[in-house]
Amino acid sequence: MNTKFRNLILAPAAVLAFALASHSAKADSIAKVPFNFTVDGHVCPAGEYTIHRDSANNTVILQGRNNKVGFQWSLRAGDPAPTAKDVVLQFTENGQNHALRFVQYGPASTYRLDKQDSNRRERETLRNVAGQ
């Protein structure tokens, strides 16, 4: 009797733990950035970056997978459609130099991260790197 009761309690707990673990794995996206870029004056090397959304705090975390670079920003309602599911890093491109402009996570995005003046915005080229 005691074993049946224990299994009755443990089985739903195991199912819940598995469901939460698989949900957490879906919350991360990987972006392969093929060029060096800057964020807030920090140079970030080309490579793979994990993008994680913390929906409890409404923040997004960008973390280098093979380096110790990491950033965290608040999210706000973005320009994409409310049903958007894409994860995109958008960069401002100026010759060989790239600066992270926005992080889009579904229907939300960060504020503008590259602080360009309005005269330069007309001449800038944008480049998107999608997360997988």
# chains A, B, ... in the order shown; residues from 1 in each chain; ligands from 1

$ residues_around --residues "Arg127 of chain A" --least-positions-apart "2" --cutoff "7 Å" --atoms "only C-alpha atoms" --output "list in words"
Gln90, Phe91, Thr92, Glu93, Thr125 and Val129 of chain A

$ write_last_selection --atoms "N, CA and C atoms" --output "mmCIF file, in the first residue's frame"
data_model
loop_
_atom_site.group_PDB
_atom_site.id
_atom_site.type_symbol
_atom_site.label_atom_id
_atom_site.label_comp_id
_atom_site.auth_asym_id
_atom_site.auth_seq_id
_atom_site.Cartn_x
_atom_site.Cartn_y
_atom_site.Cartn_z
ATOM 1 N N GLN A 90 19.441 42.099 -34.738
ATOM 2 C CA GLN A 90 19.576 43.048 -35.831
ATOM 3 C C GLN A 90 20.796 43.923 -35.568
ATOM 4 N N PHE A 91 21.639 44.049 -36.600
ATOM 5 C CA PHE A 91 22.887 44.785 -36.486
ATOM 6 C C PHE A 91 22.898 45.985 -37.426
ATOM 7 N N THR A 92 23.562 47.047 -36.996
ATOM 8 C CA THR A 92 23.873 48.165 -37.866
ATOM 9 C C THR A 92 25.237 47.857 -38.471
ATOM 10 N N GLU A 93 25.323 47.952 -39.787
ATOM 11 C CA GLU A 93 26.550 47.607 -40.495
ATOM 12 C C GLU A 93 27.159 48.879 -41.082
ATOM 13 N N THR A 125 23.190 50.620 -42.910
ATOM 14 C CA THR A 125 22.748 49.368 -43.503
ATOM 15 C C THR A 125 22.444 48.417 -42.351
ATOM 16 N N VAL A 129 20.368 38.493 -38.145
ATOM 17 C CA VAL A 129 20.826 37.125 -37.910
ATOM 18 C C VAL A 129 19.707 36.452 -37.121
#

$ residues_around --residues "Ser109 of chain A" --least-positions-apart "5" --cutoff "10 Å" --atoms "only C-alpha atoms" --output "VMD selection string"
chain A and resid 59 to 60 73 to 80 87 to 89 102 to 104

$ write_last_selection --atoms "C-alpha atoms" --output "PDB file, in the first residue's frame"
ATOM      1  CA  THR A  59      14.043  40.406 -20.040  1.00  0.00           C
ATOM      2  CA  VAL A  60      16.235  38.851 -22.711  1.00  0.00           C
ATOM      3  CA  TRP A  73      18.107  43.877 -21.394  1.00  0.00           C
ATOM      4  CA  SER A  74      14.468  44.662 -20.697  1.00  0.00           C
ATOM      5  CA  LEU A  75      11.936  43.808 -23.380  1.00  0.00           C
ATOM      6  CA  ARG A  76       9.104  46.021 -24.585  1.00  0.00           C
ATOM      7  CA  ALA A  77       6.318  45.658 -27.115  1.00  0.00           C
ATOM      8  CA  GLY A  78       8.101  45.622 -30.457  1.00  0.00           C
ATOM      9  CA  ASP A  79       7.362  46.359 -34.100  1.00  0.00           C
ATOM     10  CA  PRO A  80       6.682  42.749 -35.178  1.00  0.00           C
ATOM     11  CA  VAL A  87      14.179  35.435 -32.610  1.00  0.00           C
ATOM     12  CA  VAL A  88      16.359  37.926 -34.481  1.00  0.00           C
ATOM     13  CA  LEU A  89      19.521  39.875 -33.743  1.00  0.00           C
ATOM     14  CA  PHE A 102      17.936  45.298 -31.443  1.00  0.00           C
ATOM     15  CA  VAL A 103      17.165  41.870 -30.077  1.00  0.00           C
ATOM     16  CA  GLN A 104      13.714  40.706 -31.181  1.00  0.00           C
TER      17      GLN A 104
END

$ atom_distance --atom1 "atom CA of Leu100 of chain A" --atom2 "atom CA of Ala84 of chain A"
20.3 Å

$ residues_around --residues "Arg53 of chain A" --least-positions-apart "4" --cutoff "8 Å" --atoms "only C-alpha atoms" --output "ChimeraX atom specification"
/A:27-28,58-61,105

$ write_last_selection --atoms "N, CA and C atoms" --output "JSON list (two decimals), in the first residue's frame"
[["chain", "number", "residue", "atom", "x", "y", "z"],
["A", 27, "ALA", "N", 12.76, 27.72, -24.61],
["A", 27, "ALA", "CA", 12.86, 29.15, -24.39],
["A", 27, "ALA", "C", 14.17, 29.71, -24.93],
["A", 28, "ASP", "N", 15.16, 28.87, -25.17],
["A", 28, "ASP", "CA", 16.45, 29.34, -25.67],
["A", 28, "ASP", "C", 16.52, 29.19, -27.18],
["A", 58, "ASN", "N", 10.47, 39.74, -17.86],
["A", 58, "ASN", "CA", 10.35, 40.41, -19.16],
["A", 58, "ASN", "C", 11.71, 40.94, -19.64],
["A", 59, "THR", "N", 12.70, 40.06, -19.59],
["A", 59, "THR", "CA", 14.04, 40.41, -20.04],
["A", 59, "THR", "C", 14.53, 39.37, -21.05],
["A", 60, "VAL", "N", 15.57, 39.76, -21.78],
["A", 60, "VAL", "CA", 16.24, 38.85, -22.71],
["A", 60, "VAL", "C", 17.72, 38.84, -22.36],
["A", 61, "ILE", "N", 18.32, 37.65, -22.45],
["A", 61, "ILE", "CA", 19.74, 37.48, -22.11],
["A", 61, "ILE", "C", 20.46, 36.97, -23.35],
["A", 105, "TYR", "N", 12.55, 39.15, -29.75],
["A", 105, "TYR", "CA", 12.18, 37.83, -29.26],
["A", 105, "TYR", "C", 10.67, 37.72, -29.38]]

$ atom_distance --atom1 "atom CA of Ala130 of chain A" --atom2 "atom CA of Ile30 of chain A"
8.4 Å

$ decode --residues "segment 49-82 of chain A" --atoms "N, CA and C atoms" --output "mmCIF file, in the first residue's frame"
data_model
loop_
_atom_site.group_PDB
_atom_site.id
_atom_site.type_symbol
_atom_site.label_atom_id
_atom_site.label_comp_id
_atom_site.auth_asym_id
_atom_site.auth_seq_id
_atom_site.Cartn_x
_atom_site.Cartn_y
_atom_site.Cartn_z
ATOM 1 N N TYR A 49 25.685 32.367 -30.169
ATOM 2 C CA TYR A 49 25.150 33.078 -29.017
ATOM 3 C C TYR A 49 23.797 32.487 -28.653
ATOM 4 N N THR A 50 23.584 32.283 -27.372
ATOM 5 C CA THR A 50 22.299 31.815 -26.867
ATOM 6 C C THR A 50 21.467 33.035 -26.520
ATOM 7 N N ILE A 51 20.206 33.021 -26.951
ATOM 8 C CA ILE A 51 19.269 34.087 -26.626
ATOM 9 C C ILE A 51 18.183 33.457 -25.765
ATOM 10 N N HIS A 52 18.025 33.953 -24.554
ATOM 11 C CA HIS A 52 17.051 33.395 -23.605
ATOM 12 C C HIS A 52 16.106 34.496 -23.149
ATOM 13 N N ARG A 53 14.817 34.195 -23.171
ATOM 14 C CA ARG A 53 13.826 35.147 -22.673
ATOM 15 C C ARG A 53 13.367 34.709 -21.296
ATOM 16 N N ASP A 54 13.475 35.613 -20.348
ATOM 17 C CA ASP A 54 12.949 35.381 -19.006
ATOM 18 C C ASP A 54 11.608 36.095 -18.946
ATOM 19 N N SER A 55 10.531 35.342 -19.162
ATOM 20 C CA SER A 55 9.213 35.961 -19.234
ATOM 21 C C SER A 55 8.751 36.485 -17.879
ATOM 22 N N ALA A 56 9.276 35.934 -16.790
ATOM 23 C CA ALA A 56 8.886 36.413 -15.466
ATOM 24 C C ALA A 56 9.360 37.856 -15.242
ATOM 25 N N ASN A 57 10.564 38.158 -15.707
ATOM 26 C CA ASN A 57 11.118 39.503 -15.534
ATOM 27 C C ASN A 57 11.034 40.333 -16.807
ATOM 28 N N ASN A 58 10.469 39.744 -17.863
ATOM 29 C CA ASN A 58 10.353 40.407 -19.163
ATOM 30 C C ASN A 58 11.707 40.937 -19.635
ATOM 31 N N THR A 59 12.702 40.060 -19.587
ATOM 32 C CA THR A 59 14.043 40.406 -20.040
ATOM 33 C C THR A 59 14.526 39.373 -21.050
ATOM 34 N N VAL A 60 15.573 39.756 -21.782
ATOM 35 C CA VAL A 60 16.235 38.851 -22.711
ATOM 36 C C VAL A 60 17.718 38.843 -22.358
ATOM 37 N N ILE A 61 18.325 37.649 -22.446
ATOM 38 C CA ILE A 61 19.739 37.483 -22.113
ATOM 39 C C ILE A 61 20.456 36.967 -23.351
ATOM 40 N N LEU A 62 21.531 37.644 -23.730
ATOM 41 C CA LEU A 62 22.388 37.224 -24.842
ATOM 42 C C LEU A 62 23.684 36.737 -24.232
ATOM 43 N N GLN A 63 24.017 35.467 -24.470
ATOM 44 C CA GLN A 63 25.199 34.854 -23.863
ATOM 45 C C GLN A 63 26.025 34.152 -24.918
ATOM 46 N N GLY A 64 27.323 34.455 -24.988
ATOM 47 C CA GLY A 64 28.221 33.754 -25.892
ATOM 48 C C GLY A 64 28.357 32.306 -25.458
ATOM 49 N N ARG A 65 28.259 31.387 -26.403
ATOM 50 C CA ARG A 65 28.349 29.961 -26.051
ATOM 51 C C ARG A 65 29.788 29.521 -25.826
ATOM 52 N N ASN A 66 30.750 30.121 -26.521
ATOM 53 C CA ASN A 66 32.145 29.713 -26.400
ATOM 54 C C ASN A 66 33.011 30.792 -25.771
ATOM 55 N N ASN A 67 32.381 31.796 -25.206
ATOM 56 C CA ASN A 67 33.132 32.858 -24.542
ATOM 57 C C ASN A 67 32.311 33.355 -23.361
ATOM 58 N N LYS A 68 32.859 34.251 -22.601
ATOM 59 C CA LYS A 68 32.182 34.695 -21.381
ATOM 60 C C LYS A 68 31.417 35.991 -21.575
ATOM 61 N N VAL A 69 31.125 36.345 -22.812
ATOM 62 C CA VAL A 69 30.370 37.559 -23.086
ATOM 63 C C VAL A 69 28.913 37.323 -22.747
ATOM 64 N N GLY A 70 28.308 38.263 -22.017
ATOM 65 C CA GLY A 70 26.896 38.137 -21.686
ATOM 66 C C GLY A 70 26.267 39.493 -21.414
ATOM 67 N N PHE A 71 25.010 39.645 -21.836
ATOM 68 C CA PHE A 71 24.272 40.898 -21.666
ATOM 69 C C PHE A 71 22.826 40.579 -21.311
ATOM 70 N N GLN A 72 22.175 41.513 -20.645
ATOM 71 C CA GLN A 72 20.763 41.372 -20.303
ATOM 72 C C GLN A 72 20.074 42.713 -20.492
ATOM 73 N N TRP A 73 18.882 42.665 -21.150
ATOM 74 C CA TRP A 73 18.107 43.877 -21.394
ATOM 75 C C TRP A 73 16.635 43.636 -21.109
ATOM 76 N N SER A 74 15.923 44.722 -20.840
ATOM 77 C CA SER A 74 14.468 44.662 -20.697
ATOM 78 C C SER A 74 13.834 44.574 -22.077
ATOM 79 N N LEU A 75 12.693 43.901 -22.137
ATOM 80 C CA LEU A 75 11.936 43.808 -23.380
ATOM 81 C C LEU A 75 10.736 44.741 -23.304
ATOM 82 N N ARG A 76 10.297 45.183 -24.467
ATOM 83 C CA ARG A 76 9.104 46.021 -24.585
ATOM 84 C C ARG A 76 8.313 45.534 -25.786
ATOM 85 N N ALA A 77 7.094 46.000 -25.920
ATOM 86 C CA ALA A 77 6.318 45.658 -27.115
ATOM 87 C C ALA A 77 7.102 46.146 -28.324
ATOM 88 N N GLY A 78 7.276 45.281 -29.305
ATOM 89 C CA GLY A 78 8.101 45.622 -30.457
ATOM 90 C C GLY A 78 7.291 45.891 -31.700
ATOM 91 N N ASP A 79 7.988 46.092 -32.811
ATOM 92 C CA ASP A 79 7.362 46.359 -34.100
ATOM 93 C C ASP A 79 6.757 45.129 -34.760
ATOM 94 N N PRO A 80 7.249 43.905 -34.484
ATOM 95 C CA PRO A 80 6.682 42.749 -35.178
ATOM 96 C C PRO A 80 5.218 42.533 -34.811
ATOM 97 N N ALA A 81 4.582 41.665 -35.550
ATOM 98 C CA ALA A 81 3.187 41.319 -35.270
ATOM 99 C C ALA A 81 3.089 40.669 -33.890
ATOM 100 N N PRO A 82 1.955 40.826 -33.214
ATOM 101 C CA PRO A 82 1.802 40.232 -31.874
ATOM 102 C C PRO A 82 1.940 38.715 -31.852
#
